[in-house]
file coords.pdb (PDB, N, CA and C atoms)
ATOM      1  N   MET A   1     133.122 101.527 128.173
ATOM      2  CA  MET A   1     134.072 102.634 128.223
ATOM      3  C   MET A   1     135.249 102.205 129.122
ATOM      4  N   THR A   2     136.450 102.381 128.630
ATOM      5  CA  THR A   2     137.629 102.000 129.408
ATOM      6  C   THR A   2     137.902 103.020 130.514
ATOM      7  N   LEU A   3     138.744 102.630 131.421
ATOM      8  CA  LEU A   3     139.114 103.531 132.518
ATOM      9  C   LEU A   3     139.763 104.801 131.977
ATOM     10  N   LEU A   4     140.646 104.642 131.012
ATOM     11  CA  LEU A   4     141.317 105.808 130.424
ATOM     12  C   LEU A   4     140.309 106.748 129.759
ATOM     13  N   GLU A   5     139.329 106.192 129.088
ATOM     14  CA  GLU A   5     138.298 107.022 128.459
ATOM     15  C   GLU A   5     137.467 107.762 129.510
ATOM     16  N   GLN A   6     137.186 107.091 130.613
ATOM     17  CA  GLN A   6     136.438 107.734 131.695
ATOM     18  C   GLN A   6     137.237 108.888 132.288
ATOM     19  N   ILE A   7     138.531 108.660 132.482
ATOM     20  CA  ILE A   7     139.389 109.715 133.033
ATOM     21  C   ILE A   7     139.450 110.892 132.071
ATOM     22  N   GLU A   8     139.622 110.609 130.784
ATOM     23  CA  GLU A   8     139.689 111.684 129.789
ATOM     24  C   GLU A   8     138.395 112.482 129.767
ATOM     25  N   LYS A   9     137.266 111.808 129.864
ATOM     26  CA  LYS A   9     135.962 112.491 129.854
ATOM     27  C   LYS A   9     135.835 113.410 131.071
ATOM     28  N   GLN A  10     136.171 112.901 132.244
ATOM     29  CA  GLN A  10     136.084 113.698 133.464
ATOM     30  C   GLN A  10     137.073 114.856 133.427
ATOM     31  N   LEU A  11     138.275 114.598 132.926
ATOM     32  CA  LEU A  11     139.321 115.613 132.873
ATOM     33  C   LEU A  11     138.948 116.751 131.915
ATOM     34  N   SER A  12     138.375 116.395 130.802
ATOM     35  CA  SER A  12     138.015 117.435 129.824
ATOM     36  C   SER A  12     136.912 118.359 130.344
ATOM     37  N   ALA A  13     136.140 117.913 131.331
ATOM     38  CA  ALA A  13     135.073 118.736 131.900
ATOM     39  C   ALA A  13     135.609 119.739 132.919
ATOM     40  N   LEU A  14     136.881 119.581 133.328
ATOM     41  CA  LEU A  14     137.466 120.487 134.317
ATOM     42  C   LEU A  14     138.057 121.720 133.660
ATOM     43  N   SER A  15     138.192 122.763 134.462
ATOM     44  CA  SER A  15     138.849 123.982 133.978
ATOM     45  C   SER A  15     140.346 123.690 133.798
ATOM     46  N   PRO A  16     141.051 124.518 133.010
ATOM     47  CA  PRO A  16     142.500 124.305 132.827
ATOM     48  C   PRO A  16     143.281 124.316 134.140
ATOM     49  N   GLU A  17     142.856 125.135 135.086
ATOM     50  CA  GLU A  17     143.539 125.175 136.377
ATOM     51  C   GLU A  17     143.394 123.845 137.122
ATOM     52  N   LYS A  18     142.184 123.296 137.096
ATOM     53  CA  LYS A  18     141.943 122.007 137.753
ATOM     54  C   LYS A  18     142.666 120.877 137.016
ATOM     55  N   GLN A  19     142.766 120.980 135.707
ATOM     56  CA  GLN A  19     143.508 119.982 134.945
ATOM     57  C   GLN A  19     144.982 119.990 135.347
ATOM     58  N   ASN A  20     145.536 121.182 135.609
ATOM     59  CA  ASN A  20     146.918 121.274 136.092
ATOM     60  C   ASN A  20     147.057 120.638 137.471
ATOM     61  N   GLU A  21     146.044 120.797 138.311
ATOM     62  CA  GLU A  21     146.079 120.158 139.629
ATOM     63  C   GLU A  21     146.096 118.636 139.489
ATOM     64  N   VAL A  22     145.321 118.132 138.559
ATOM     65  CA  VAL A  22     145.300 116.683 138.311
ATOM     66  C   VAL A  22     146.676 116.217 137.851
ATOM     67  N   LEU A  23     147.293 116.990 136.974
ATOM     68  CA  LEU A  23     148.631 116.658 136.494
ATOM     69  C   LEU A  23     149.640 116.659 137.642
ATOM     70  N   ASP A  24     149.551 117.633 138.523
ATOM     71  CA  ASP A  24     150.424 117.669 139.702
ATOM     72  C   ASP A  24     150.199 116.456 140.596
ATOM     73  N   PHE A  25     148.935 116.064 140.743
ATOM     74  CA  PHE A  25     148.631 114.915 141.583
ATOM     75  C   PHE A  25     149.197 113.632 140.978
ATOM     76  N   ILE A  26     149.132 113.505 139.675
ATOM     77  CA  ILE A  26     149.720 112.339 138.999
ATOM     78  C   ILE A  26     151.221 112.289 139.244
ATOM     79  N   ALA A  27     151.889 113.427 139.161
ATOM     80  CA  ALA A  27     153.334 113.486 139.430
ATOM     81  C   ALA A  27     153.618 113.067 140.874
ATOM     82  N   PHE A  28     152.774 113.501 141.811
ATOM     83  CA  PHE A  28     152.925 113.115 143.213
ATOM     84  C   PHE A  28     152.799 111.605 143.377
ATOM     85  N   LEU A  29     151.798 111.008 142.747
ATOM     86  CA  LEU A  29     151.607 109.563 142.840
ATOM     87  C   LEU A  29     152.789 108.799 142.249
ATOM     88  N   GLN A  30     153.332 109.293 141.143
ATOM     89  CA  GLN A  30     154.487 108.639 140.535
ATOM     90  C   GLN A  30     155.700 108.716 141.445
ATOM     91  N   GLN A  31     155.905 109.863 142.078
ATOM     92  CA  GLN A  31     157.029 110.021 142.996
ATOM     93  C   GLN A  31     156.874 109.088 144.189
ATOM     94  N   ARG A  32     155.679 108.999 144.730
ATOM     95  CA  ARG A  32     155.419 108.124 145.866
ATOM     96  C   ARG A  32     155.660 106.656 145.493
ATOM     97  N   ALA A  33     155.306 106.293 144.274
ATOM     98  CA  ALA A  33     155.531 104.912 143.812
ATOM     99  C   ALA A  33     157.024 104.616 143.711
ATOM    100  N   ARG A  34     157.817 105.599 143.252
ATOM    101  CA  ARG A  34     159.272 105.401 143.156
ATOM    102  C   ARG A  34     159.885 105.232 144.543
ATOM    103  N   ILE A  35     159.418 106.010 145.512
ATOM    104  CA  ILE A  35     159.927 105.897 146.884
ATOM    105  C   ILE A  35     159.586 104.525 147.449
ATOM    106  N   SER A  36     158.379 104.057 147.189
ATOM    107  CA  SER A  36     157.955 102.747 147.673
ATOM    108  C   SER A  36     158.819 101.642 147.079
ATOM    109  N   GLN A  37     159.168 101.756 145.815
ATOM    110  CA  GLN A  37     160.018 100.757 145.169
ATOM    111  C   GLN A  37     161.406 100.749 145.787
ATOM    112  N   LYS A  38     161.935 101.908 146.152
ATOM    113  CA  LYS A  38     163.258 101.978 146.770
ATOM    114  C   LYS A  38     163.259 101.280 148.115
ATOM    115  N   ARG A  39     162.179 101.400 148.867
ATOM    116  CA  ARG A  39     162.091 100.746 150.175
ATOM    117  C   ARG A  39     162.134  99.234 150.029
ATOM    118  N   HIS A  40     161.469  98.711 149.023
ATOM    119  CA  HIS A  40     161.434  97.274 148.819
ATOM    120  C   HIS A  40     162.755  96.747 148.273
ATOM    121  N   SER A  41     163.577  97.606 147.711
ATOM    122  CA  SER A  41     164.836  97.150 147.145
ATOM    123  C   SER A  41     165.821  96.726 148.225
ATOM    124  N   LEU A  42     165.560  97.050 149.499
ATOM    125  CA  LEU A  42     166.429  96.607 150.585
ATOM    126  C   LEU A  42     166.454  95.086 150.687
ATOM    127  N   LYS A  43     165.397  94.430 150.232
ATOM    128  CA  LYS A  43     165.358  92.979 150.266
ATOM    129  C   LYS A  43     166.443  92.369 149.379
ATOM    130  N   LYS A  44     166.946  93.131 148.448
ATOM    131  CA  LYS A  44     167.994  92.649 147.554
ATOM    132  C   LYS A  44     169.392  92.871 148.133
ATOM    133  N   HIS A  45     169.475  93.555 149.264
ATOM    134  CA  HIS A  45     170.763  93.830 149.894
ATOM    135  C   HIS A  45     171.376  92.528 150.410
ATOM    136  N   ALA A  46     172.683  92.424 150.356
ATOM    137  CA  ALA A  46     173.385  91.201 150.749
ATOM    138  C   ALA A  46     173.127  90.825 152.208
ATOM    139  N   ALA A  47     172.881  91.809 153.069
ATOM    140  CA  ALA A  47     172.663  91.523 154.486
ATOM    141  C   ALA A  47     171.257  91.005 154.768
ATOM    142  N   PHE A  48     170.355  91.161 153.836
ATOM    143  CA  PHE A  48     168.976  90.739 154.053
ATOM    144  C   PHE A  48     168.923  89.218 154.225
ATOM    145  N   GLY A  49     168.340  88.774 155.303
ATOM    146  CA  GLY A  49     168.222  87.344 155.559
ATOM    147  C   GLY A  49     169.489  86.719 156.103
ATOM    148  N   SER A  50     170.410  87.530 156.603
ATOM    149  CA  SER A  50     171.695  86.993 157.061
ATOM    150  C   SER A  50     171.551  86.073 158.279
ATOM    151  N   TRP A  51     170.441  86.173 159.019
ATOM    152  CA  TRP A  51     170.225  85.313 160.188
ATOM    153  C   TRP A  51     169.469  84.038 159.819
ATOM    154  N   LYS A  52     169.051  83.931 158.591
ATOM    155  CA  LYS A  52     168.159  82.845 158.178
ATOM    156  C   LYS A  52     168.747  81.453 158.446
ATOM    157  N   ASN A  53     169.994  81.242 158.112
ATOM    158  CA  ASN A  53     170.581  79.907 158.228
ATOM    159  C   ASN A  53     171.388  79.709 159.512
ATOM    160  N   ARG A  54     171.331  80.669 160.412
ATOM    161  CA  ARG A  54     172.044  80.530 161.678
ATOM    162  C   ARG A  54     171.202  79.729 162.662
ATOM    163  N   LYS A  55     171.874  79.046 163.548
ATOM    164  CA  LYS A  55     171.180  78.262 164.559
ATOM    165  C   LYS A  55     171.095  79.062 165.856
ATOM    166  N   VAL A  56     170.730  80.328 165.725
ATOM    167  CA  VAL A  56     170.625  81.239 166.853
ATOM    168  C   VAL A  56     169.246  81.891 166.795
ATOM    169  N   ASP A  57     168.621  82.001 167.961
ATOM    170  CA  ASP A  57     167.353  82.719 168.045
ATOM    171  C   ASP A  57     167.671  84.217 168.056
ATOM    172  N   ALA A  58     167.344  84.901 166.976
ATOM    173  CA  ALA A  58     167.709  86.304 166.826
ATOM    174  C   ALA A  58     167.068  87.181 167.899
ATOM    175  N   VAL A  59     165.849  86.865 168.292
ATOM    176  CA  VAL A  59     165.166  87.662 169.309
ATOM    177  C   VAL A  59     165.859  87.485 170.659
ATOM    178  N   LYS A  60     166.197  86.245 171.016
ATOM    179  CA  LYS A  60     166.903  86.005 172.283
ATOM    180  C   LYS A  60     168.264  86.690 172.263
ATOM    181  N   TYR A  61     168.944  86.633 171.137
ATOM    182  CA  TYR A  61     170.243  87.291 170.993
ATOM    183  C   TYR A  61     170.112  88.790 171.274
ATOM    184  N   GLN A  62     169.080  89.393 170.693
ATOM    185  CA  GLN A  62     168.833  90.820 170.901
ATOM    186  C   GLN A  62     168.513  91.109 172.371
ATOM    187  N   GLN A  63     167.692  90.288 172.976
ATOM    188  CA  GLN A  63     167.348  90.489 174.383
ATOM    189  C   GLN A  63     168.576  90.365 175.279
ATOM    190  N   ASP A  64     169.447  89.410 174.971
ATOM    191  CA  ASP A  64     170.681  89.238 175.745
ATOM    192  C   ASP A  64     171.570  90.468 175.623
ATOM    193  N   LEU A  65     171.667  91.015 174.439
ATOM    194  CA  LEU A  65     172.470  92.225 174.249
ATOM    195  C   LEU A  65     171.903  93.388 175.051
ATOM    196  N   ARG A  66     170.603  93.530 175.023
ATOM    197  CA  ARG A  66     169.973  94.620 175.771
ATOM    198  C   ARG A  66     170.132  94.423 177.272
ATOM    199  N   ALA A  67     170.114  93.158 177.710
ATOM    200  CA  ALA A  67     170.250  92.878 179.136
ATOM    201  C   ALA A  67     171.611  93.311 179.664
ATOM    202  N   GLU A  68     172.621  93.299 178.805
ATOM    203  CA  GLU A  68     173.955  93.727 179.221
ATOM    204  C   GLU A  68     173.976  95.193 179.638
ATOM    205  N   TRP A  69     173.050  95.980 179.105
ATOM    206  CA  TRP A  69     173.033  97.427 179.383
ATOM    207  C   TRP A  69     172.162  97.780 180.573
ATOM    208  N   LYS A  70     171.377  96.830 181.047
ATOM    209  CA  LYS A  70     170.514  97.100 182.206
ATOM    210  C   LYS A  70     171.339  97.022 183.476
ATOM    211  N   MET A  71     171.025  97.854 184.417
ATOM    212  CA  MET A  71     171.742  97.836 185.694
ATOM    213  C   MET A  71     170.785  97.719 186.826
TER     214      MET A  71
END

call {"tool": "encode", "arguments": {"input": "coords.pdb", "output": "structure tokens"}}
result
Amino acid sequence: MTLLEQIEKQLSALSPEKQNEVLDFIAFLQQRARISQKRHSLKKHAAFGSWKNRKVDAVKYQQDLRAEWKM
């Protein structure tokens, strides 16, 4: 029995109200997947990896900047 067949069997045993809840949950999962994909799309931004080919230690650079604000 395939996964889809198992889901259909379990779903058909539920009341119509519970079947609607399952449908709502599927919509929630799809929305969450779309949000997750948008987060990963930042890797395609032109600024992503902009420090990669520089001969500067990015962490030290950040620490130096923060040190300027300490008194």

call {"tool": "select_by_dssp", "arguments": {"input": "coords.pdb", "residues": "chain A", "states": "helix (DSSP H, G or I)", "output": "PyMOL selection string"}}
result
chain A and resi 3-12+16-44+58-69

call {"tool": "atom_distance", "arguments": {"input": "coords.pdb", "atom1": "CA of Ser36 (chain A)", "atom2": "atom C of Asn20 (chain A)"}}
result
23.3 Å

call {"tool": "axis_aligned_box", "arguments": {"input": "coords.pdb", "around": "region 5-20 of chain A", "padding_each_side": "3 Å", "output": "lines of an AutoDock Vina configuration file"}}
result
center_x = 141.1
center_y = 115.7
center_z = 133.1
size_x = 18.0
size_y = 25.0
size_z = 15.3

call {"tool": "atom_distance", "arguments": {"input": "coords.pdb", "atom1": "atom C of Pro16 (chain A)", "atom2": "atom N of Ile35 (chain A)"}}
result
26.9 Å

call {"tool": "atom_distance", "arguments": {"input": "coords.pdb", "atom1": "atom C of Glu68 (chain A)", "atom2": "CA of Asn53 (chain A)"}}
result
26.5 Å
